file input26.txt (compact mmCIF, C-alpha atoms)
# COMPACT_ATOMS: atom_id res chain seq x y z
CA MET R 1 0.00 0.00 0.00
CA SER R 2 1.40 3.38 -1.02
CA LYS R 3 1.81 6.27 1.40
CA LYS R 4 -1.06 8.09 -0.31
CA ASP R 5 -3.34 5.05 0.02
CA GLU R 6 -2.50 4.80 3.74
CA LEU R 7 -3.27 8.49 4.16
CA ILE R 8 -6.65 8.19 2.46
CA ARG R 9 -7.52 5.14 4.54
CA GLN R 10 -6.74 7.15 7.69
CA TRP R 11 -8.87 10.06 6.48
CA LYS R 12 -11.83 7.76 5.86
CA SER R 13 -11.37 6.25 9.31
CA ASP R 14 -11.35 9.75 10.86
CA GLU R 15 -14.45 10.67 8.88
CA ASN R 16 -16.36 7.69 10.31
CA ALA R 17 -15.06 7.87 13.90
CA PRO R 18 -17.92 8.30 16.41
CA PHE R 19 -18.51 11.63 18.14
CA GLN R 20 -20.60 11.86 21.30
CA GLY R 21 -21.55 14.65 23.66
CA TRP R 22 -18.99 17.42 23.26
CA ASN R 23 -15.86 15.34 23.69
CA PHE R 24 -12.86 15.83 21.40
CA SER R 25 -10.54 13.41 23.18
CA TYR R 26 -10.27 11.46 19.90
CA LEU R 27 -8.08 14.32 18.61
CA LYS R 28 -5.66 14.37 21.55
CA GLY R 29 -2.27 15.52 20.31
CA ARG R 30 -3.65 16.29 16.84
CA TYR R 31 -5.69 19.43 17.49
CA LYS R 32 -5.14 22.48 19.68
CA GLU R 33 -7.38 25.43 20.34
CA GLY R 34 -5.98 28.56 21.89
CA GLU R 35 -7.26 29.56 25.33
CA PRO R 36 -8.97 32.93 25.90
CA ASN R 37 -7.57 35.37 28.45
CA TRP R 38 -10.24 34.27 30.92
CA ASN R 39 -11.19 30.85 32.33
CA TYR R 40 -14.91 30.25 31.83
CA LYS R 41 -15.14 27.33 34.26
CA SER R 42 -13.31 29.16 37.04
CA ILE R 43 -15.59 32.20 36.75
CA ALA R 44 -18.68 29.97 36.60
CA LYS R 45 -17.56 28.15 39.75
CA ARG R 46 -17.24 31.44 41.62
CA LEU R 47 -20.71 32.50 40.51
CA ILE R 48 -22.34 29.18 41.28
CA LYS R 49 -21.12 29.24 44.89
CA LYS R 50 -23.51 32.16 45.51
CA SER R 51 -26.44 30.65 43.60
CA ASP R 52 -29.55 28.89 44.91
CA SER R 53 -30.94 27.89 41.50
CA VAL R 54 -28.87 27.48 38.34
CA LEU R 55 -29.68 26.60 34.74
CA ASP R 56 -27.07 25.45 32.21
CA MET R 57 -28.19 26.11 28.64
CA ALA R 58 -27.02 24.01 25.67
CA THR R 59 -25.19 21.74 28.08
CA GLY R 60 -23.95 19.39 25.35
CA GLY R 61 -23.03 16.13 27.06
CA GLY R 62 -22.90 17.92 30.42
CA GLU R 63 -19.11 17.64 30.56
CA ALA R 64 -18.35 21.28 31.44
CA PHE R 65 -21.38 21.69 33.71
CA SER R 66 -20.45 18.56 35.65
CA GLU R 67 -17.07 20.09 36.49
CA ILE R 68 -18.56 23.47 37.41
CA LEU R 69 -21.08 21.82 39.73
CA THR R 70 -18.34 20.69 42.11
CA ALA R 71 -18.62 24.20 43.58
CA PHE R 72 -22.45 24.08 43.93
CA LYS R 73 -23.85 23.43 47.41
CA ARG R 74 -27.31 24.92 47.17
CA LYS R 75 -30.83 23.96 46.04
CA LYS R 76 -31.62 23.40 42.37
CA ALA R 77 -29.56 22.64 39.24
CA VAL R 78 -31.16 22.11 35.81
CA ALA R 79 -29.68 21.70 32.33
CA ILE R 80 -31.23 21.90 28.87
CA GLU R 81 -29.92 20.52 25.58
CA GLY R 82 -31.49 20.87 22.13
CA TYR R 83 -29.74 17.97 20.40
CA LYS R 84 -31.47 14.77 21.46
CA PRO R 85 -28.46 12.38 21.38
CA ASN R 86 -26.49 14.82 23.55
CA ALA R 87 -29.38 15.16 26.00
CA SER R 88 -29.15 11.41 26.67
CA VAL R 89 -25.39 11.67 27.25
CA ALA R 90 -25.92 14.64 29.60
CA ARG R 91 -28.44 12.69 31.67
CA LYS R 92 -25.86 9.96 32.24
CA ASN R 93 -23.07 12.43 33.03
CA LEU R 94 -25.14 14.60 35.40
CA ARG R 95 -27.33 12.00 37.10
CA LYS R 96 -25.02 11.51 40.09
CA GLN R 97 -25.09 15.25 40.80
CA GLY R 98 -28.88 15.32 40.89
CA VAL R 99 -29.28 17.51 37.83
CA LYS R 100 -32.52 17.39 35.87
CA VAL R 101 -31.72 17.40 32.14
CA ILE R 102 -34.47 18.60 29.79
CA TYR R 103 -34.51 18.17 26.03
CA ALA R 104 -35.37 21.69 24.83
CA ASN R 105 -34.31 24.25 22.24
CA GLU R 106 -32.52 27.01 24.12
CA THR R 107 -33.58 29.68 21.57
CA LYS R 108 -37.33 29.01 21.91
CA LYS R 109 -39.89 29.34 24.70
CA LEU R 110 -38.30 27.73 27.76
CA PRO R 111 -40.16 25.24 30.00
CA PHE R 112 -39.62 27.25 33.18
CA LYS R 113 -41.55 29.59 35.44
CA ASP R 114 -40.98 33.33 35.58
CA GLU R 115 -37.90 34.25 37.62
CA GLU R 116 -37.12 30.60 38.38
CA PHE R 117 -33.31 30.94 38.36
CA ASP R 118 -30.86 33.35 39.93
CA LEU R 119 -28.04 32.18 37.62
CA VAL R 120 -28.09 31.02 34.00
CA LEU R 121 -24.93 29.67 32.39
CA ASN R 122 -24.39 29.31 28.67
CA ARG R 123 -21.18 28.08 27.08
CA HIS R 124 -21.28 28.26 23.28
CA GLY R 125 -25.07 27.94 23.02
CA GLY R 126 -27.84 30.06 21.55
CA PHE R 127 -30.40 31.92 23.63
CA ASN R 128 -33.47 34.11 23.45
CA ALA R 129 -32.90 37.38 25.34
CA ASN R 130 -36.61 37.81 26.12
CA GLU R 131 -36.77 34.36 27.66
CA LEU R 132 -33.65 35.02 29.72
CA ALA R 133 -35.28 38.13 31.11
CA ARG R 134 -38.37 36.11 31.97
CA ILE R 135 -36.75 33.16 33.76
CA ILE R 136 -33.99 35.05 35.63
CA SER R 137 -34.93 36.62 38.94
CA SER R 138 -34.50 40.32 39.66
CA GLY R 139 -30.80 40.89 40.33
CA GLY R 140 -29.96 37.48 38.85
CA LEU R 141 -27.06 36.79 36.52
CA PHE R 142 -26.53 35.53 32.98
CA PHE R 143 -22.99 34.33 32.26
CA THR R 144 -22.00 33.24 28.78
CA GLN R 145 -18.96 32.45 26.68
CA GLN R 146 -19.88 32.65 23.01
CA VAL R 147 -18.24 31.57 19.79
CA ASP R 148 -17.94 34.77 17.78
CA GLY R 149 -19.89 34.49 14.52
CA ARG R 150 -16.67 35.15 12.58
CA ASN R 151 -14.90 32.20 14.23
CA LEU R 152 -12.89 30.12 11.70
CA LYS R 153 -14.00 32.41 8.88
CA ASP R 154 -10.66 31.81 7.15
CA LEU R 155 -11.27 28.05 7.27
CA MET R 156 -14.75 28.48 5.79
CA LYS R 157 -13.30 30.58 2.99
CA GLU R 158 -11.11 27.62 1.95
CA PHE R 159 -14.34 25.67 1.36
CA GLU R 160 -16.05 28.64 -0.33
CA THR R 161 -18.65 28.99 2.39
CA VAL R 162 -19.56 31.81 4.79
CA PRO R 163 -20.46 32.06 8.50
CA LYS R 164 -24.09 31.36 9.38
CA TRP R 165 -24.20 33.62 12.44
CA GLU R 166 -21.75 36.40 11.60
CA SER R 167 -23.81 38.89 13.63
CA ASN R 168 -23.11 36.96 16.85
CA THR R 169 -20.59 39.44 18.20
CA LEU R 170 -19.88 41.02 21.57
CA SER R 171 -21.38 44.32 20.46
CA ASN R 172 -24.61 42.86 19.07
CA VAL R 173 -25.26 40.46 21.95
CA SER R 174 -24.60 43.19 24.51
CA LYS R 175 -27.22 45.36 22.77
CA GLN R 176 -29.74 42.49 22.87
CA LEU R 177 -29.27 42.06 26.61
CA LYS R 178 -29.42 45.78 27.37
CA HIS R 179 -32.66 45.99 25.40
CA VAL R 180 -34.32 43.59 27.87
CA GLU R 181 -33.01 45.49 30.91
CA PHE R 182 -29.78 43.67 31.69
CA GLU R 183 -26.75 45.55 32.92
CA ILE R 184 -23.44 44.42 31.38
CA VAL R 185 -21.13 43.72 34.31
CA LYS R 186 -18.22 42.23 32.37
CA ALA R 187 -17.50 41.94 28.64
CA GLU R 188 -14.36 40.69 26.91
CA GLU R 189 -13.40 39.34 23.50
CA TRP R 190 -10.47 37.23 22.34
CA GLU R 191 -8.80 36.21 19.09
CA GLY R 192 -6.37 33.30 18.84
CA LYS R 193 -5.49 30.22 16.82
CA THR R 194 -6.98 26.80 16.16
CA ILE R 195 -4.32 24.34 15.01
CA PHE R 196 -4.66 20.96 13.29
CA LYS R 197 -1.58 18.75 13.16
CA ASP R 198 -2.94 16.55 10.36
CA VAL R 199 -5.74 16.63 7.80
CA GLY R 200 -7.54 13.68 9.39
CA ALA R 201 -8.00 15.73 12.56
CA LEU R 202 -9.65 18.48 10.52
CA ILE R 203 -11.92 15.92 8.85
CA TYR R 204 -13.10 14.61 12.23
CA PHE R 205 -13.62 18.18 13.47
CA LEU R 206 -15.73 19.19 10.47
CA ARG R 207 -17.87 16.07 10.74
CA ALA R 208 -18.42 16.70 14.45
CA ILE R 209 -19.39 20.35 13.88
CA PRO R 210 -21.45 20.19 10.68
CA TRP R 211 -22.46 23.86 10.56
CA ILE R 212 -18.94 25.02 9.67
CA VAL R 213 -18.97 23.44 6.20
CA ASP R 214 -22.37 22.29 4.93
CA ASP R 215 -22.59 18.67 3.82
CA PHE R 216 -18.90 18.10 4.45
CA SER R 217 -17.42 14.78 3.34
CA PHE R 218 -14.06 13.39 2.25
CA LYS R 219 -15.48 12.51 -1.14
CA LYS R 220 -17.06 15.91 -1.81
CA HIS R 221 -14.12 17.98 -0.57
CA ARG R 222 -11.17 15.79 -1.48
CA THR R 223 -9.49 18.46 -3.63
CA THR R 224 -9.42 20.96 -0.76
CA LEU R 225 -8.21 18.30 1.68
CA GLU R 226 -5.36 17.31 -0.61
CA ARG R 227 -4.38 20.98 -0.86
CA PHE R 228 -4.31 21.09 2.95
CA GLN R 229 -2.10 17.99 2.97
CA LYS R 230 0.49 19.84 0.88
CA ARG R 231 0.36 22.69 3.38
CA ILE R 232 0.91 20.24 6.24
CA GLU R 233 3.94 18.77 4.46
CA SER R 234 5.31 22.27 3.94
CA LYS R 235 4.47 23.98 7.26
CA GLY R 236 3.73 21.09 9.62
CA LYS R 237 0.27 22.32 10.61
CA LEU R 238 -2.97 23.97 9.57
CA GLU R 239 -3.72 27.20 11.41
CA PHE R 240 -6.97 29.18 11.48
CA THR R 241 -8.38 32.12 13.44
CA ALA R 242 -10.52 31.41 16.51
CA ARG R 243 -12.72 34.07 18.14
CA ARG R 244 -14.60 34.06 21.45
CA PHE R 245 -16.32 36.61 23.65
CA LEU R 246 -17.57 36.61 27.22
CA ILE R 247 -20.44 38.46 28.89
CA LEU R 248 -21.62 38.62 32.49
CA ALA R 249 -24.96 40.43 32.66
CA LYS R 250 -27.18 41.27 35.61
CA LYS R 251 -30.95 41.66 35.42
CA LYS R 252 -31.83 45.04 36.86
CA TYR R 253 -33.74 45.14 40.13
CA GLY R 254 -37.41 46.00 39.95
CA VAL R 255 -37.78 44.93 36.29
CA SER R 256 -40.89 42.85 35.68
CA SER R 257 -40.51 39.76 33.51
CA ARG R 258 -44.01 40.24 32.16
CA GLY R 259 -44.31 41.66 28.69
CA LEU R 260 -40.62 41.36 27.83
call {"tool": "encode", "arguments": {"input": "input26.txt", "output": "structure tokens"}}
result
Amino acid sequence: MSKKDELIRQWKSDENAPFQGWNFSYLKGRYKEGEPNWNYKSIAKRLIKKSDSVLDMATGGGEAFSEILTAFKRKKAVAIEGYKPNASVARKNLRKQGVKVIYANETKKLPFKDEEFDLVLNRHGGFNANELARIISSGGLFFTQQVDGRNLKDLMKEFETVPKWESNTLSNVSKQLKHVEFEIVKAEEWEGKTIFKDVGALIYFLRAIPWIVDDFSFKKHRTTLERFQKRIESKGKLEFTARRFLILAKKKYGVSSRGL
């Protein structure tokens, strides 16, 4: 078997490798994402220590929330996830910590009472600002780390596609929250690098996150992948631009959730 045949066999294997929850351990040593200037989990742990009722939106497989919950000693913890297979994974991961996991779309009407939570966490998930204002108690907090809508735009360009949520920026999201009577307590943005050590790692990544390149497959995009392979052989890696932003917002006191 030639070196090229071995490479293609590996790429096909990476394309078909299973992906579950939000776990990229399959790519250990092959993929690296830069870290923002802040630590989302550390901040969330500090906030959760003061919370009586917390909701984690778009929890994925519950991996991050499970770690954050080690600092939670109060009353109620709930998580929602809009992708059904991940909701099942989250239930398994969060069961021991007594978390109720609900299958629900985080951008739609939420299955909760008015002012039910004093803290809502959201790491890389969508949300409806009006619903946040409804379910968060007066003086309660919304803490989110978001993937900037221009994240990996240079990678998308290689596949002749464009970002789906380019308006998801720190400025725009801050305006949405202010419009429903949240005060922005903390806001930061970050730009760094996402690095792939081999093309197979990129293939796995694009299959796991299908909204980056629509209908991605080895067969359909082989020409682009082979061009990337030449870049790997020349530079030793593939490097693209990652973008994140962080917001901590507080619902103003005395603001009614009705009519928002």
call {"tool": "residues_around", "arguments": {"input": "input26.txt", "residues": "region 186-195 of chain R", "least_positions_apart": "6", "cutoff": "9 Å", "atoms": "only C-alpha atoms", "output": "list in words"}}
result
Arg30, Tyr31, Lys32, Glu33, Gly34, Glu35, Pro36, Asn37, Trp38, Asp148, Asn151, Leu152, Thr169, Leu170, Ser174, Lys237, Leu238, Glu239, Phe240, Thr241, Ala242, Arg243, Arg244, Phe245, Leu246, Ile247, Leu248 and Ala249 of chain R
call {"tool": "residues_around", "arguments": {"input": "input26.txt", "residues": "Ala44 (chain R)", "least_positions_apart": "6", "cutoff": "8 Å", "atoms": "only C-alpha atoms", "output": "PyMOL selection string"}}
result
chain R and resi 68+121+143
call {"tool": "write_last_selection", "arguments": {"input": "input26.txt", "atoms": "C-alpha atoms", "output": "CSV table (one decimal), keeping the file's coordinate frame"}}
result
chain,number,residue,atom,x,y,z
R,68,ILE,CA,-18.6,23.5,37.4
R,121,LEU,CA,-24.9,29.7,32.4
R,143,PHE,CA,-23.0,34.3,32.3
call {"tool": "closest_residue", "arguments": {"input": "input26.txt", "among": "R:Arg95, R:Gly82, R:Asp214, R:Leu177", "to": "Leu110 (chain R)", "atoms": "all atoms listed in the file"}}
result
R:Gly82
call {"tool": "atom_distance", "arguments": {"input": "input26.txt", "atom1": "CA of Lys76 (chain R)", "atom2": "CA of Leu119 (chain R)"}}
result
10.6 Å
call {"tool": "atom_distance", "arguments": {"input": "input26.txt", "atom1": "CA of Lys197 (chain R)", "atom2": "CA of Leu225 (chain R)"}}
result
13.3 Å
call {"tool": "atom_distance", "arguments": {"input": "input26.txt", "atom1": "CA of Arg74 (chain R)", "atom2": "CA of Ser137 (chain R)"}}
result
16.2 Å
call {"tool": "closest_residue", "arguments": {"input": "input26.txt", "among": "R:Leu132, R:Ile232, R:Ile184, R:Leu55", "to": "Val199 (chain R)", "atoms": "all atoms listed in the file"}}
result
R:Ile232
call {"tool": "residues_around", "arguments": {"input": "input26.txt", "residues": "Ala77 (chain R)", "least_positions_apart": "3", "cutoff": "9 Å", "atoms": "all atoms listed in the file", "output": "short mmCIF file (atom, residue, chain, number, x, y, z; two decimals) with C-alpha atoms, in the frame of the given file"}}
result
data_model
loop_
_atom_site.label_atom_id
_atom_site.label_comp_id
_atom_site.auth_asym_id
_atom_site.auth_seq_id
_atom_site.Cartn_x
_atom_site.Cartn_y
_atom_site.Cartn_z
CA ASP R 52 -29.55 28.89 44.91
CA SER R 53 -30.94 27.89 41.50
CA VAL R 54 -28.87 27.48 38.34
CA LEU R 55 -29.68 26.60 34.74
CA ASP R 56 -27.07 25.45 32.21
CA LEU R 69 -21.08 21.82 39.73
CA PHE R 72 -22.45 24.08 43.93
CA ARG R 74 -27.31 24.92 47.17
CA GLN R 97 -25.09 15.25 40.80
CA GLY R 98 -28.88 15.32 40.89
CA VAL R 99 -29.28 17.51 37.83
CA LYS R 100 -32.52 17.39 35.87
#
call {"tool": "closest_residue", "arguments": {"input": "input26.txt", "among": "R:Asn128, R:Phe182, R:Leu206, R:Val173", "to": "Lys108 (chain R)", "atoms": "only C-alpha atoms"}}
result
R:Asn128
call {"tool": "residues_around", "arguments": {"input": "input26.txt", "residues": "Lys73 (chain R)", "least_positions_apart": "6", "cutoff": "10 Å", "atoms": "all atoms listed in the file", "output": "list of chain:residue names"}}
result
R:Ile48, R:Lys49, R:Lys50, R:Ser51, R:Asp52
call {"tool": "closest_residue", "arguments": {"input": "input26.txt", "among": "R:Glu166, R:Leu7, R:Lys230, R:Lys12", "to": "Ile203 (chain R)", "atoms": "all atoms listed in the file"}}
result
R:Lys12
call {"tool": "closest_residue", "arguments": {"input": "input26.txt", "among": "R:Trp11, R:Asp5, R:Pro111, R:Glu106", "to": "Phe218 (chain R)", "atoms": "all atoms listed in the file"}}
result
R:Trp11
call {"tool": "closest_residue", "arguments": {"input": "input26.txt", "among": "R:Phe19, R:Ala208, R:Glu183, R:Ala71", "to": "Leu47 (chain R)", "atoms": "all atoms listed in the file"}}
result
R:Ala71
call {"tool": "build_atoms", "arguments": {"input": "input26.txt", "residues": "region 61-96 of chain R", "atoms": "N, CA and C atoms", "output": "tab-separated table (two decimals), in the coordinates of the input"}}
result
chain	number	residue	atom	x	y	z
R	61	GLY	N	-22.99	17.39	26.32
R	61	GLY	CA	-23.03	16.13	27.06
R	61	GLY	C	-22.91	16.34	28.55
R	62	GLY	N	-22.98	17.60	28.99
R	62	GLY	CA	-22.90	17.92	30.42
R	62	GLY	C	-21.48	17.91	30.97
R	63	GLU	N	-20.49	17.78	30.09
R	63	GLU	CA	-19.11	17.64	30.56
R	63	GLU	C	-18.63	18.87	31.35
R	64	ALA	N	-18.82	20.07	30.77
R	64	ALA	CA	-18.35	21.28	31.44
R	64	ALA	C	-19.19	21.57	32.69
R	65	PHE	N	-20.50	21.41	32.58
R	65	PHE	CA	-21.38	21.69	33.71
R	65	PHE	C	-21.09	20.77	34.89
R	66	SER	N	-20.78	19.52	34.60
R	66	SER	CA	-20.45	18.56	35.65
R	66	SER	C	-19.26	19.04	36.47
R	67	GLU	N	-18.26	19.59	35.79
R	67	GLU	CA	-17.07	20.09	36.49
R	67	GLU	C	-17.38	21.35	37.29
R	68	ILE	N	-18.19	22.23	36.72
R	68	ILE	CA	-18.56	23.47	37.41
R	68	ILE	C	-19.37	23.18	38.67
R	69	LEU	N	-20.20	22.15	38.62
R	69	LEU	CA	-21.08	21.82	39.73
R	69	LEU	C	-20.35	21.38	41.00
R	70	THR	N	-19.08	21.08	40.90
R	70	THR	CA	-18.34	20.69	42.11
R	70	THR	C	-18.32	21.83	43.13
R	71	ALA	N	-18.61	23.04	42.68
R	71	ALA	CA	-18.62	24.20	43.58
R	71	ALA	C	-20.04	24.54	44.05
R	72	PHE	N	-21.05	23.76	43.63
R	72	PHE	CA	-22.45	24.08	43.93
R	72	PHE	C	-22.94	23.33	45.15
R	73	LYS	N	-23.41	24.06	46.16
R	73	LYS	CA	-23.85	23.43	47.41
R	73	LYS	C	-25.27	23.84	47.78
R	74	ARG	N	-26.02	24.35	46.83
R	74	ARG	CA	-27.31	24.92	47.17
R	74	ARG	C	-28.50	24.04	46.75
R	75	LYS	N	-29.55	24.63	46.17
R	75	LYS	CA	-30.83	23.96	46.04
R	75	LYS	C	-31.08	23.23	44.71
R	76	LYS	N	-31.10	23.97	43.61
R	76	LYS	CA	-31.62	23.40	42.37
R	76	LYS	C	-30.67	23.63	41.20
R	77	ALA	N	-30.38	22.55	40.45
R	77	ALA	CA	-29.56	22.64	39.24
R	77	ALA	C	-30.29	21.93	38.11
R	78	VAL	N	-30.45	22.63	36.98
R	78	VAL	CA	-31.16	22.11	35.81
R	78	VAL	C	-30.30	22.38	34.58
R	79	ALA	N	-30.39	21.49	33.59
R	79	ALA	CA	-29.68	21.70	32.33
R	79	ALA	C	-30.65	21.45	31.17
R	80	ILE	N	-30.46	22.17	30.09
R	80	ILE	CA	-31.23	21.90	28.87
R	80	ILE	C	-30.27	21.66	27.71
R	81	GLU	N	-30.71	20.84	26.77
R	81	GLU	CA	-29.92	20.52	25.58
R	81	GLU	C	-30.88	20.28	24.41
R	82	GLY	N	-30.60	20.94	23.28
R	82	GLY	CA	-31.49	20.87	22.13
R	82	GLY	C	-31.18	19.80	21.11
R	83	TYR	N	-30.08	19.06	21.31
R	83	TYR	CA	-29.74	17.97	20.40
R	83	TYR	C	-29.99	16.67	21.15
R	84	LYS	N	-30.97	15.91	20.69
R	84	LYS	CA	-31.47	14.77	21.46
R	84	LYS	C	-30.40	13.76	21.86
R	85	PRO	N	-29.51	13.34	20.96
R	85	PRO	CA	-28.46	12.38	21.38
R	85	PRO	C	-27.59	12.93	22.52
R	86	ASN	N	-27.29	14.22	22.48
R	86	ASN	CA	-26.49	14.82	23.55
R	86	ASN	C	-27.25	14.89	24.86
R	87	ALA	N	-28.57	15.10	24.78
R	87	ALA	CA	-29.38	15.16	26.00
R	87	ALA	C	-29.28	13.84	26.76
R	88	SER	N	-29.27	12.73	26.04
R	88	SER	CA	-29.15	11.41	26.67
R	88	SER	C	-27.79	11.25	27.34
R	89	VAL	N	-26.74	11.73	26.67
R	89	VAL	CA	-25.39	11.67	27.25
R	89	VAL	C	-25.33	12.53	28.51
R	90	ALA	N	-25.93	13.73	28.44
R	90	ALA	CA	-25.92	14.64	29.60
R	90	ALA	C	-26.63	14.02	30.80
R	91	ARG	N	-27.72	13.32	30.55
R	91	ARG	CA	-28.44	12.69	31.67
R	91	ARG	C	-27.54	11.69	32.39
R	92	LYS	N	-26.78	10.94	31.63
R	92	LYS	CA	-25.86	9.96	32.24
R	92	LYS	C	-24.74	10.67	33.00
R	93	ASN	N	-24.20	11.72	32.41
R	93	ASN	CA	-23.07	12.43	33.03
R	93	ASN	C	-23.46	13.23	34.27
R	94	LEU	N	-24.73	13.70	34.33
R	94	LEU	CA	-25.14	14.60	35.40
R	94	LEU	C	-26.05	13.95	36.44
R	95	ARG	N	-26.39	12.69	36.21
R	95	ARG	CA	-27.33	12.00	37.10
R	95	ARG	C	-26.84	11.98	38.55
R	96	LYS	N	-25.57	11.64	38.73
R	96	LYS	CA	-25.02	11.51	40.09
R	96	LYS	C	-25.05	12.83	40.86
